[in-house]
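Text of the file query.cif, holding mmCIF, C-alpha atoms:
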```
data_target
loop_
_atom_site.label_atom_id
_atom_site.label_comp_id
_atom_site.auth_asym_id
_atom_site.auth_seq_id
_atom_site.Cartn_x
_atom_site.Cartn_y
_atom_site.Cartn_z
CA MET K 216 11.62 -45.23 36.26
CA LYS K 217 14.74 -45.40 34.17
CA LYS K 218 17.36 -42.89 35.18
CA VAL K 219 19.26 -41.15 32.38
CA ASN K 220 22.68 -39.70 33.08
CA LEU K 221 24.00 -37.13 30.61
CA THR K 222 27.61 -36.19 30.22
CA LEU K 223 28.60 -32.52 30.17
CA LYS K 224 29.28 -32.81 26.44
CA GLN K 225 25.78 -34.20 25.76
CA THR K 226 24.15 -31.50 27.91
CA LEU K 227 25.95 -28.75 26.02
CA ARG K 228 25.00 -30.32 22.68
CA PHE K 229 21.28 -30.42 23.58
CA ALA K 230 21.40 -26.85 24.89
CA PHE K 231 23.07 -25.62 21.70
CA THR K 232 20.46 -27.42 19.57
CA GLY K 233 17.64 -25.76 21.52
CA LEU K 234 19.18 -22.30 21.21
CA LEU K 235 19.70 -22.82 17.48
CA ALA K 236 16.03 -23.77 17.02
CA VAL K 237 14.87 -20.67 18.91
CA SER K 238 17.25 -18.50 16.90
CA LEU K 239 16.01 -19.89 13.58
CA PHE K 240 12.37 -19.43 14.64
CA SER K 241 12.99 -15.82 15.66
CA SER K 242 14.87 -15.15 12.44
CA CYS K 243 11.97 -16.51 10.36
CA LYS K 244 9.50 -14.28 12.20
CA LYS K 245 11.76 -11.25 11.84
CA ASN K 246 12.09 -11.85 8.10
CA ASP K 247 8.37 -12.37 7.52
CA PRO K 248 7.18 -8.97 6.20
CA TYR K 249 3.54 -9.78 7.00
CA ASP K 250 3.98 -11.01 10.57
CA PHE K 251 3.41 -8.07 12.92
CA LYS K 252 2.90 -10.00 16.15
CA ASP K 253 4.67 -8.24 19.04
CA THR K 254 5.85 -5.57 16.58
CA ILE K 255 5.18 -1.83 16.79
CA THR K 256 3.92 -0.66 13.40
CA ALA K 257 2.48 2.23 11.40
CA ASP K 258 -0.61 2.18 9.17
CA VAL K 259 -0.78 3.14 5.49
CA ASN K 260 -3.77 3.96 3.30
CA LEU K 261 -3.81 4.59 -0.47
CA ILE K 262 -6.41 6.82 -2.18
CA ASN K 263 -6.43 6.88 -5.98
CA ALA K 264 -7.38 10.42 -6.94
CA SER K 265 -5.91 10.35 -10.45
CA PRO K 266 -8.66 10.49 -13.10
CA ASP K 267 -6.77 8.46 -15.69
CA ALA K 268 -4.32 6.30 -13.76
CA PRO K 269 -4.98 2.55 -13.61
CA ALA K 270 -5.96 0.73 -10.44
CA ALA K 271 -2.99 0.99 -8.10
CA GLN K 272 -1.28 -0.68 -5.15
CA LEU K 273 1.24 0.59 -2.61
CA TYR K 274 4.56 -1.05 -1.83
CA ALA K 275 6.93 -0.18 1.02
CA GLN K 276 10.51 -1.50 0.72
CA ASP K 277 9.29 -3.71 -2.16
CA ILE K 278 6.65 -5.29 0.10
CA LEU K 279 3.03 -5.06 -1.09
CA ARG K 280 1.04 -3.33 1.64
CA THR K 281 -2.36 -2.77 -0.04
CA PRO K 282 -3.45 -6.19 -1.33
CA SER K 283 -6.26 -5.09 -3.69
CA GLY K 284 -6.13 -2.73 -6.65
CA VAL K 285 -7.42 0.77 -5.82
CA SER K 286 -9.33 2.42 -8.66
CA PHE K 287 -10.07 6.11 -9.19
CA GLY K 288 -12.06 7.54 -6.29
CA GLN K 289 -11.44 4.53 -4.05
CA ALA K 290 -9.34 3.96 -0.92
CA SER K 291 -7.48 0.85 0.20
CA GLY K 292 -8.21 1.32 3.89
CA TYR K 293 -5.42 0.99 6.45
CA TYR K 294 -2.79 -1.75 6.43
CA LYS K 295 0.23 -2.21 8.66
CA THR K 296 3.82 -1.56 7.72
CA LEU K 297 7.18 -1.55 9.47
CA LEU K 298 8.78 1.60 10.86
CA GLY K 299 11.57 3.82 9.58
CA ASP K 300 12.67 5.58 6.42
CA GLN K 301 11.34 3.54 3.51
CA ASP K 302 11.05 3.57 -0.26
CA VAL K 303 7.38 3.80 -1.19
CA VAL K 304 6.37 2.79 -4.71
CA ILE K 305 2.89 2.96 -6.19
CA LYS K 306 2.44 0.43 -8.97
CA SER K 307 -0.35 -0.70 -11.23
CA ALA K 308 -2.56 -3.44 -9.76
CA SER K 309 -0.70 -6.02 -11.85
CA GLY K 310 2.58 -4.91 -10.27
CA GLU K 311 4.14 -4.56 -13.71
CA ALA K 312 4.20 -0.75 -14.06
CA THR K 313 5.63 1.75 -11.58
CA LEU K 314 3.35 4.80 -11.47
CA THR K 315 5.33 6.94 -9.04
CA SER K 316 7.65 6.63 -6.06
CA LEU K 317 8.92 8.55 -3.04
CA LYS K 318 10.73 8.30 0.28
CA ALA K 319 8.62 8.22 3.45
CA GLN K 320 9.32 8.10 7.16
CA PHE K 321 6.99 5.85 9.16
CA ASP K 322 6.83 6.56 12.88
CA ALA K 323 5.46 4.29 15.58
CA LEU K 324 1.66 4.06 15.83
CA ASN K 325 1.07 6.81 13.23
CA SER K 326 -1.29 6.52 10.27
CA TYR K 327 -0.52 7.84 6.78
CA THR K 328 -2.64 8.41 3.69
CA PHE K 329 -1.01 8.52 0.26
CA PHE K 330 -3.02 10.23 -2.48
CA LEU K 331 -2.10 9.21 -6.03
CA VAL K 332 -2.65 12.50 -7.88
CA GLY K 333 -2.13 14.06 -11.29
CA GLN K 334 -2.60 12.48 -14.67
CA ASN K 335 -0.72 9.74 -16.46
CA SER K 336 1.66 12.24 -18.02
CA GLY K 337 2.75 13.42 -14.57
CA LEU K 338 1.63 11.35 -11.60
CA GLY K 339 2.64 12.27 -8.07
CA VAL K 340 1.80 11.67 -4.43
CA VAL K 341 0.38 13.80 -1.65
CA THR K 342 1.36 12.31 1.70
CA VAL K 343 -0.64 13.17 4.80
CA THR K 344 -0.04 12.14 8.39
CA ASP K 345 -3.55 11.43 9.60
CA ASP K 346 -4.91 13.14 12.70
CA LEU K 347 -6.98 10.40 14.31
CA ALA K 348 -7.54 12.07 17.68
CA ALA K 349 -11.24 11.85 18.51
CA PRO K 350 -13.37 14.99 17.99
CA ALA K 351 -15.52 16.51 20.73
CA ALA K 352 -18.76 14.81 21.72
CA GLY K 353 -21.44 15.14 19.03
CA LYS K 354 -18.87 16.28 16.46
CA ALA K 355 -17.22 14.86 13.36
CA LYS K 356 -13.75 15.92 12.22
CA ILE K 357 -13.13 16.90 8.58
CA ARG K 358 -9.93 17.48 6.62
CA PHE K 359 -9.88 18.67 3.00
CA VAL K 360 -7.37 17.74 0.29
CA ASN K 361 -7.43 19.25 -3.20
CA ALA K 362 -6.49 16.36 -5.49
CA ALA K 363 -8.13 17.69 -8.70
CA PRO K 364 -5.17 18.13 -11.09
CA ASN K 365 -6.47 20.97 -13.30
CA SER K 366 -8.08 22.97 -10.49
CA THR K 367 -6.77 26.36 -9.38
CA SER K 368 -8.55 27.52 -6.23
CA VAL K 369 -11.02 25.14 -4.60
CA SER K 370 -13.33 25.64 -1.64
CA LEU K 371 -15.29 23.10 0.37
CA ALA K 372 -18.66 23.77 2.00
CA ILE K 373 -20.59 21.26 4.11
CA GLY K 374 -24.19 22.05 4.91
CA GLY K 375 -23.62 25.64 3.84
CA ASN K 376 -20.65 26.07 6.20
CA VAL K 377 -17.33 26.81 4.51
CA ILE K 378 -14.67 24.35 5.65
CA ALA K 379 -11.78 25.41 3.40
CA THR K 380 -11.18 28.11 0.77
CA GLY K 381 -8.60 28.90 -1.90
CA GLN K 382 -6.99 25.45 -1.85
CA ASN K 383 -4.61 24.90 -4.74
CA PHE K 384 -3.90 21.48 -6.26
CA ARG K 385 -2.08 19.20 -3.75
CA SER K 386 -2.87 21.41 -0.76
CA VAL K 387 -4.19 20.04 2.55
CA SER K 388 -6.34 22.05 4.93
CA PRO K 389 -6.27 21.84 8.73
CA SER K 390 -8.89 19.61 10.36
CA VAL K 391 -12.21 21.22 11.32
CA GLU K 392 -14.92 19.85 13.61
CA ILE K 393 -18.57 20.06 12.59
CA THR K 394 -21.80 19.00 14.25
CA ALA K 395 -22.54 15.43 13.23
CA GLY K 396 -25.36 15.05 10.72
CA THR K 397 -26.30 14.54 7.08
CA TYR K 398 -25.36 17.35 4.72
CA SER K 399 -24.78 18.43 1.15
CA VAL K 400 -21.08 18.64 0.25
CA VAL K 401 -20.11 21.29 -2.30
CA VAL K 402 -16.70 21.67 -3.94
CA THR K 403 -16.19 24.84 -5.98
CA ASN K 404 -13.34 25.77 -8.31
CA VAL K 405 -12.70 29.37 -9.32
CA ALA K 406 -10.56 30.04 -12.39
CA GLY K 407 -10.55 33.61 -13.69
CA GLY K 408 -14.18 34.52 -14.18
CA THR K 409 -15.41 30.91 -14.29
CA THR K 410 -16.86 29.10 -11.29
CA THR K 411 -17.43 25.34 -11.37
CA SER K 412 -19.29 23.58 -8.57
CA ASN K 413 -20.38 20.05 -7.81
CA THR K 414 -22.77 18.99 -5.05
CA THR K 415 -22.91 15.64 -3.29
CA THR K 416 -26.18 15.25 -1.40
CA GLY K 417 -26.97 13.13 1.63
CA ALA K 418 -23.43 12.78 2.94
CA SER K 419 -23.45 11.43 6.50
CA PHE K 420 -20.86 12.59 9.05
CA GLN K 421 -21.22 10.59 12.25
CA SER K 422 -20.42 11.64 15.80
CA GLY K 423 -16.91 10.68 16.88
CA LYS K 424 -15.79 9.89 13.33
CA ILE K 425 -12.95 11.38 11.30
CA TYR K 426 -13.23 12.05 7.56
CA THR K 427 -11.12 13.17 4.64
CA VAL K 428 -13.04 15.03 1.93
CA TYR K 429 -11.04 15.49 -1.25
CA ALA K 430 -11.63 17.18 -4.60
CA LYS K 431 -11.05 14.77 -7.47
CA GLY K 432 -11.58 14.57 -11.21
CA LEU K 433 -11.16 17.15 -13.94
CA VAL K 434 -12.76 20.57 -13.92
CA GLY K 435 -14.83 20.88 -17.10
CA SER K 436 -15.23 17.13 -17.65
CA ASN K 437 -18.70 15.58 -17.89
CA SER K 438 -17.49 11.96 -17.87
CA ALA K 439 -16.86 9.54 -15.02
CA SER K 440 -13.82 11.67 -14.17
CA ALA K 441 -15.86 14.85 -13.62
CA PHE K 442 -14.86 17.29 -10.87
CA THR K 443 -16.51 16.19 -7.62
CA ALA K 444 -15.88 15.34 -3.97
CA GLY K 445 -14.65 12.05 -2.59
CA ILE K 446 -15.22 11.16 1.07
CA PHE K 447 -13.13 8.73 3.08
CA ASN K 448 -13.95 7.65 6.63
CA ASN K 449 -10.53 7.51 8.31
CA LYS K 450 -11.87 6.25 11.60
#
```

Since I need it in another form, could you write the structure as structure tokens?
Amino acid sequence: MKKVNLTLKQTLRFAFTGLLAVSLFSSCKKNDPYDFKDTITADVNLINASPDAPAAQLYAQDILRTPSGVSFGQASGYYKTLLGDQDVVIKSASGEATLTSLKAQFDALNSYTFFLVGQNSGLGVVTVTDDLAAPAAGKAKIRFVNAAPNSTSVSLAIGGNVIATGQNFRSVSPSVEITAGTYSVVVTNVAGGTTTSNTTTGASFQSGKIYTVYAKGLVGSNSASAFTAGIFNNK
């Protein structure tokens, strides 16, 4: 076997080259906004509850976090993002138009849902830190958000049991546990002497699952943007 003798200068040069390669590799990983390996993150979810906004996507610190356009009544599902105080911008699916923006703090291992609310003349965001702690055995956990822009006082009933009452636009109710099962979901708006209700039948709430039920659409509309309930399975 041939023996190779290295001078001190050569040894230091090889060591420096190796350290430089490791440094460059680490720097590339650190600067890759989609590489979350060995990184503590938060999760973000976008729900489009605006009856006339276009399909939307969510950006954090100018990084696209929800890769597909989210249309009215749809949710992106959860995607990872980095931690800290960040600029959040909701743009049209093309990325050309900014719909609304805000500042948000992302904490380690937390999950956040951003509701795009209002109408094109005045879009906004309702931000909710999601409670993903498991409900009791045989139960499902429900949270209600009133995202119907022209509503005044909305209640939610599931299977005849009132979950939330008197919820104004943009308000978020505490979570409530119900017995798992299949129920009718009724959202009701009261404005002066007029009551408007919409019923969604056959809604399934499974044991151990967590749901957000939200009022969406326009009270008094009979189109695709009619006042009704949306249901998102958080977990």

Need the shell around Asn335 in chain K: protein/DNA/RNA residues with any atom at most 9 Å away, counting only C-alpha atoms. Skip same-chain ones fewer than 5 positions apart. Format as a PyMOL selection string? chain K and resi 265-269+314

Target residues per the PyMOL selection byres ((chain K and resi 347-353) around 12), formatted as a compact mmCIF listing (two decimals) with C-alpha atoms, in the coordinates of the input:
```
# COMPACT_ATOMS: atom_id res chain seq x y z
CA ASP K 258 -0.61 2.18 9.17
CA LEU K 324 1.66 4.06 15.83
CA ASN K 325 1.07 6.81 13.23
CA SER K 326 -1.29 6.52 10.27
CA TYR K 327 -0.52 7.84 6.78
CA THR K 328 -2.64 8.41 3.69
CA VAL K 343 -0.64 13.17 4.80
CA THR K 344 -0.04 12.14 8.39
CA ASP K 345 -3.55 11.43 9.60
CA ASP K 346 -4.91 13.14 12.70
CA LYS K 354 -18.87 16.28 16.46
CA ALA K 355 -17.22 14.86 13.36
CA LYS K 356 -13.75 15.92 12.22
CA ILE K 357 -13.13 16.90 8.58
CA ARG K 358 -9.93 17.48 6.62
CA SER K 390 -8.89 19.61 10.36
CA VAL K 391 -12.21 21.22 11.32
CA GLU K 392 -14.92 19.85 13.61
CA ILE K 393 -18.57 20.06 12.59
CA THR K 394 -21.80 19.00 14.25
CA ALA K 395 -22.54 15.43 13.23
CA GLY K 396 -25.36 15.05 10.72
CA PHE K 420 -20.86 12.59 9.05
CA GLN K 421 -21.22 10.59 12.25
CA SER K 422 -20.42 11.64 15.80
CA GLY K 423 -16.91 10.68 16.88
CA LYS K 424 -15.79 9.89 13.33
CA ILE K 425 -12.95 11.38 11.30
CA TYR K 426 -13.23 12.05 7.56
CA THR K 427 -11.12 13.17 4.64
CA ASN K 448 -13.95 7.65 6.63
CA ASN K 449 -10.53 7.51 8.31
CA LYS K 450 -11.87 6.25 11.60
```

Would you kindly identify which residues have an atom no farther than 12 Å from (-4.2, 10.3, -15.3), using all atoms listed in the file and the file's own coordinates, and write them out as number ranges by chain? K: 263-271, 286-287, 314-315, 331-339, 362-365, 431-433, 440

Could you save those same residues with C-alpha atoms as a PDB file, in the frame of the given file?
```
ATOM      1  CA  ASN K 263      -6.430   6.880  -5.980  1.00  0.00           C
ATOM      2  CA  ALA K 264      -7.380  10.420  -6.940  1.00  0.00           C
ATOM      3  CA  SER K 265      -5.910  10.350 -10.450  1.00  0.00           C
ATOM      4  CA  PRO K 266      -8.660  10.490 -13.100  1.00  0.00           C
ATOM      5  CA  ASP K 267      -6.770   8.460 -15.690  1.00  0.00           C
ATOM      6  CA  ALA K 268      -4.320   6.300 -13.760  1.00  0.00           C
ATOM      7  CA  PRO K 269      -4.980   2.550 -13.610  1.00  0.00           C
ATOM      8  CA  ALA K 270      -5.960   0.730 -10.440  1.00  0.00           C
ATOM      9  CA  ALA K 271      -2.990   0.990  -8.100  1.00  0.00           C
ATOM     10  CA  SER K 286      -9.330   2.420  -8.660  1.00  0.00           C
ATOM     11  CA  PHE K 287     -10.070   6.110  -9.190  1.00  0.00           C
ATOM     12  CA  LEU K 314       3.350   4.800 -11.470  1.00  0.00           C
ATOM     13  CA  THR K 315       5.330   6.940  -9.040  1.00  0.00           C
ATOM     14  CA  LEU K 331      -2.100   9.210  -6.030  1.00  0.00           C
ATOM     15  CA  VAL K 332      -2.650  12.500  -7.880  1.00  0.00           C
ATOM     16  CA  GLY K 333      -2.130  14.060 -11.290  1.00  0.00           C
ATOM     17  CA  GLN K 334      -2.600  12.480 -14.670  1.00  0.00           C
ATOM     18  CA  ASN K 335      -0.720   9.740 -16.460  1.00  0.00           C
ATOM     19  CA  SER K 336       1.660  12.240 -18.020  1.00  0.00           C
ATOM     20  CA  GLY K 337       2.750  13.420 -14.570  1.00  0.00           C
ATOM     21  CA  LEU K 338       1.630  11.350 -11.600  1.00  0.00           C
ATOM     22  CA  GLY K 339       2.640  12.270  -8.070  1.00  0.00           C
ATOM     23  CA  ALA K 362      -6.490  16.360  -5.490  1.00  0.00           C
ATOM     24  CA  ALA K 363      -8.130  17.690  -8.700  1.00  0.00           C
ATOM     25  CA  PRO K 364      -5.170  18.130 -11.090  1.00  0.00           C
ATOM     26  CA  ASN K 365      -6.470  20.970 -13.300  1.00  0.00           C
ATOM     27  CA  LYS K 431     -11.050  14.770  -7.470  1.00  0.00           C
ATOM     28  CA  GLY K 432     -11.580  14.570 -11.210  1.00  0.00           C
ATOM     29  CA  LEU K 433     -11.160  17.150 -13.940  1.00  0.00           C
ATOM     30  CA  SER K 440     -13.820  11.670 -14.170  1.00  0.00           C
TER      31      SER K 440
END
```

Range 302-312 of chain K surroundings by all atoms listed in the file, 9 Å radius, close-in-sequence under 5 positions cut, as an mmCIF file with C-alpha atoms, keeping the file's coordinate frame:
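Output file part_34.cif is given in full below:
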```
data_model
loop_
_atom_site.group_PDB
_atom_site.id
_atom_site.type_symbol
_atom_site.label_atom_id
_atom_site.label_comp_id
_atom_site.auth_asym_id
_atom_site.auth_seq_id
_atom_site.Cartn_x
_atom_site.Cartn_y
_atom_site.Cartn_z
ATOM 1 C CA LEU K 261 -3.810 4.590 -0.470
ATOM 2 C CA ALA K 268 -4.320 6.300 -13.760
ATOM 3 C CA PRO K 269 -4.980 2.550 -13.610
ATOM 4 C CA ALA K 270 -5.960 0.730 -10.440
ATOM 5 C CA ALA K 271 -2.990 0.990 -8.100
ATOM 6 C CA GLN K 272 -1.280 -0.680 -5.150
ATOM 7 C CA LEU K 273 1.240 0.590 -2.610
ATOM 8 C CA TYR K 274 4.560 -1.050 -1.830
ATOM 9 C CA ALA K 275 6.930 -0.180 1.020
ATOM 10 C CA GLN K 276 10.510 -1.500 0.720
ATOM 11 C CA ASP K 277 9.290 -3.710 -2.160
ATOM 12 C CA PRO K 282 -3.450 -6.190 -1.330
ATOM 13 C CA SER K 283 -6.260 -5.090 -3.690
ATOM 14 C CA GLY K 284 -6.130 -2.730 -6.650
ATOM 15 C CA VAL K 285 -7.420 0.770 -5.820
ATOM 16 C CA LEU K 317 8.920 8.550 -3.040
ATOM 17 C CA LYS K 318 10.730 8.300 0.280
ATOM 18 C CA ALA K 319 8.620 8.220 3.450
ATOM 19 C CA GLN K 320 9.320 8.100 7.160
ATOM 20 C CA LEU K 331 -2.100 9.210 -6.030
ATOM 21 C CA VAL K 340 1.800 11.670 -4.430
#
```

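Separating CA of Asp253 in chain K from CA of Phe329 in chain K is a distance of 25.8 Å.
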
Completion step: range 402-421 of chain K with N, CA and C atoms as an mmCIF file, in the frame of the given file:
```cif
data_model
loop_
_atom_site.group_PDB
_atom_site.id
_atom_site.type_symbol
_atom_site.label_atom_id
_atom_site.label_comp_id
_atom_site.auth_asym_id
_atom_site.auth_seq_id
_atom_site.Cartn_x
_atom_site.Cartn_y
_atom_site.Cartn_z
ATOM 1 N N VAL K 402 -18.052 21.222 -3.588
ATOM 2 C CA VAL K 402 -16.700 21.670 -3.940
ATOM 3 C C VAL K 402 -16.834 22.661 -5.087
ATOM 4 N N THR K 403 -16.101 23.761 -4.997
ATOM 5 C CA THR K 403 -16.190 24.840 -5.980
ATOM 6 C C THR K 403 -14.805 25.246 -6.426
ATOM 7 N N ASN K 404 -14.608 25.304 -7.743
ATOM 8 C CA ASN K 404 -13.340 25.770 -8.310
ATOM 9 C C ASN K 404 -13.552 27.122 -8.972
ATOM 10 N N VAL K 405 -12.645 28.046 -8.704
ATOM 11 C CA VAL K 405 -12.700 29.370 -9.320
ATOM 12 C C VAL K 405 -11.462 29.552 -10.173
ATOM 13 N N ALA K 406 -11.670 29.812 -11.467
ATOM 14 C CA ALA K 406 -10.560 30.040 -12.390
ATOM 15 C C ALA K 406 -10.893 31.252 -13.241
ATOM 16 N N GLY K 407 -10.222 32.375 -12.981
ATOM 17 C CA GLY K 407 -10.550 33.610 -13.690
ATOM 18 C C GLY K 407 -11.969 34.016 -13.374
ATOM 19 N N GLY K 408 -12.784 34.154 -14.399
ATOM 20 C CA GLY K 408 -14.180 34.520 -14.180
ATOM 21 C C GLY K 408 -15.125 33.328 -14.209
ATOM 22 N N THR K 409 -14.571 32.100 -14.195
ATOM 23 C CA THR K 409 -15.410 30.910 -14.290
ATOM 24 C C THR K 409 -15.458 30.171 -12.954
ATOM 25 N N THR K 410 -16.668 29.851 -12.531
ATOM 26 C CA THR K 410 -16.860 29.100 -11.290
ATOM 27 C C THR K 410 -17.510 27.758 -11.624
ATOM 28 N N THR K 411 -16.905 26.678 -11.151
ATOM 29 C CA THR K 411 -17.430 25.340 -11.370
ATOM 30 C C THR K 411 -17.700 24.686 -10.032
ATOM 31 N N SER K 412 -18.925 24.210 -9.833
ATOM 32 C CA SER K 412 -19.290 23.580 -8.570
ATOM 33 C C SER K 412 -19.876 22.194 -8.798
ATOM 34 N N ASN K 413 -19.724 21.350 -7.794
ATOM 35 C CA ASN K 413 -20.380 20.050 -7.810
ATOM 36 C C ASN K 413 -20.906 19.766 -6.416
ATOM 37 N N THR K 414 -22.125 19.251 -6.330
ATOM 38 C CA THR K 414 -22.770 18.990 -5.050
ATOM 39 C C THR K 414 -23.020 17.504 -4.860
ATOM 40 N N THR K 415 -22.601 17.004 -3.703
ATOM 41 C CA THR K 415 -22.910 15.640 -3.290
ATOM 42 C C THR K 415 -23.940 15.718 -2.173
ATOM 43 N N THR K 416 -25.115 15.143 -2.391
ATOM 44 C CA THR K 416 -26.180 15.250 -1.400
ATOM 45 C C THR K 416 -26.196 14.032 -0.469
ATOM 46 N N GLY K 417 -26.758 14.233 0.711
ATOM 47 C CA GLY K 417 -26.970 13.130 1.630
ATOM 48 C C GLY K 417 -25.718 12.504 2.202
ATOM 49 N N ALA K 418 -24.671 13.309 2.376
ATOM 50 C CA ALA K 418 -23.430 12.780 2.940
ATOM 51 C C ALA K 418 -23.547 12.766 4.467
ATOM 52 N N SER K 419 -23.290 11.603 5.061
ATOM 53 C CA SER K 419 -23.450 11.430 6.500
ATOM 54 C C SER K 419 -22.098 11.558 7.203
ATOM 55 N N PHE K 420 -22.049 12.412 8.225
ATOM 56 C CA PHE K 420 -20.860 12.590 9.050
ATOM 57 C C PHE K 420 -21.251 12.247 10.490
ATOM 58 N N GLN K 421 -20.760 11.123 10.982
ATOM 59 C CA GLN K 421 -21.220 10.590 12.250
ATOM 60 C C GLN K 421 -20.400 11.126 13.434
#
```
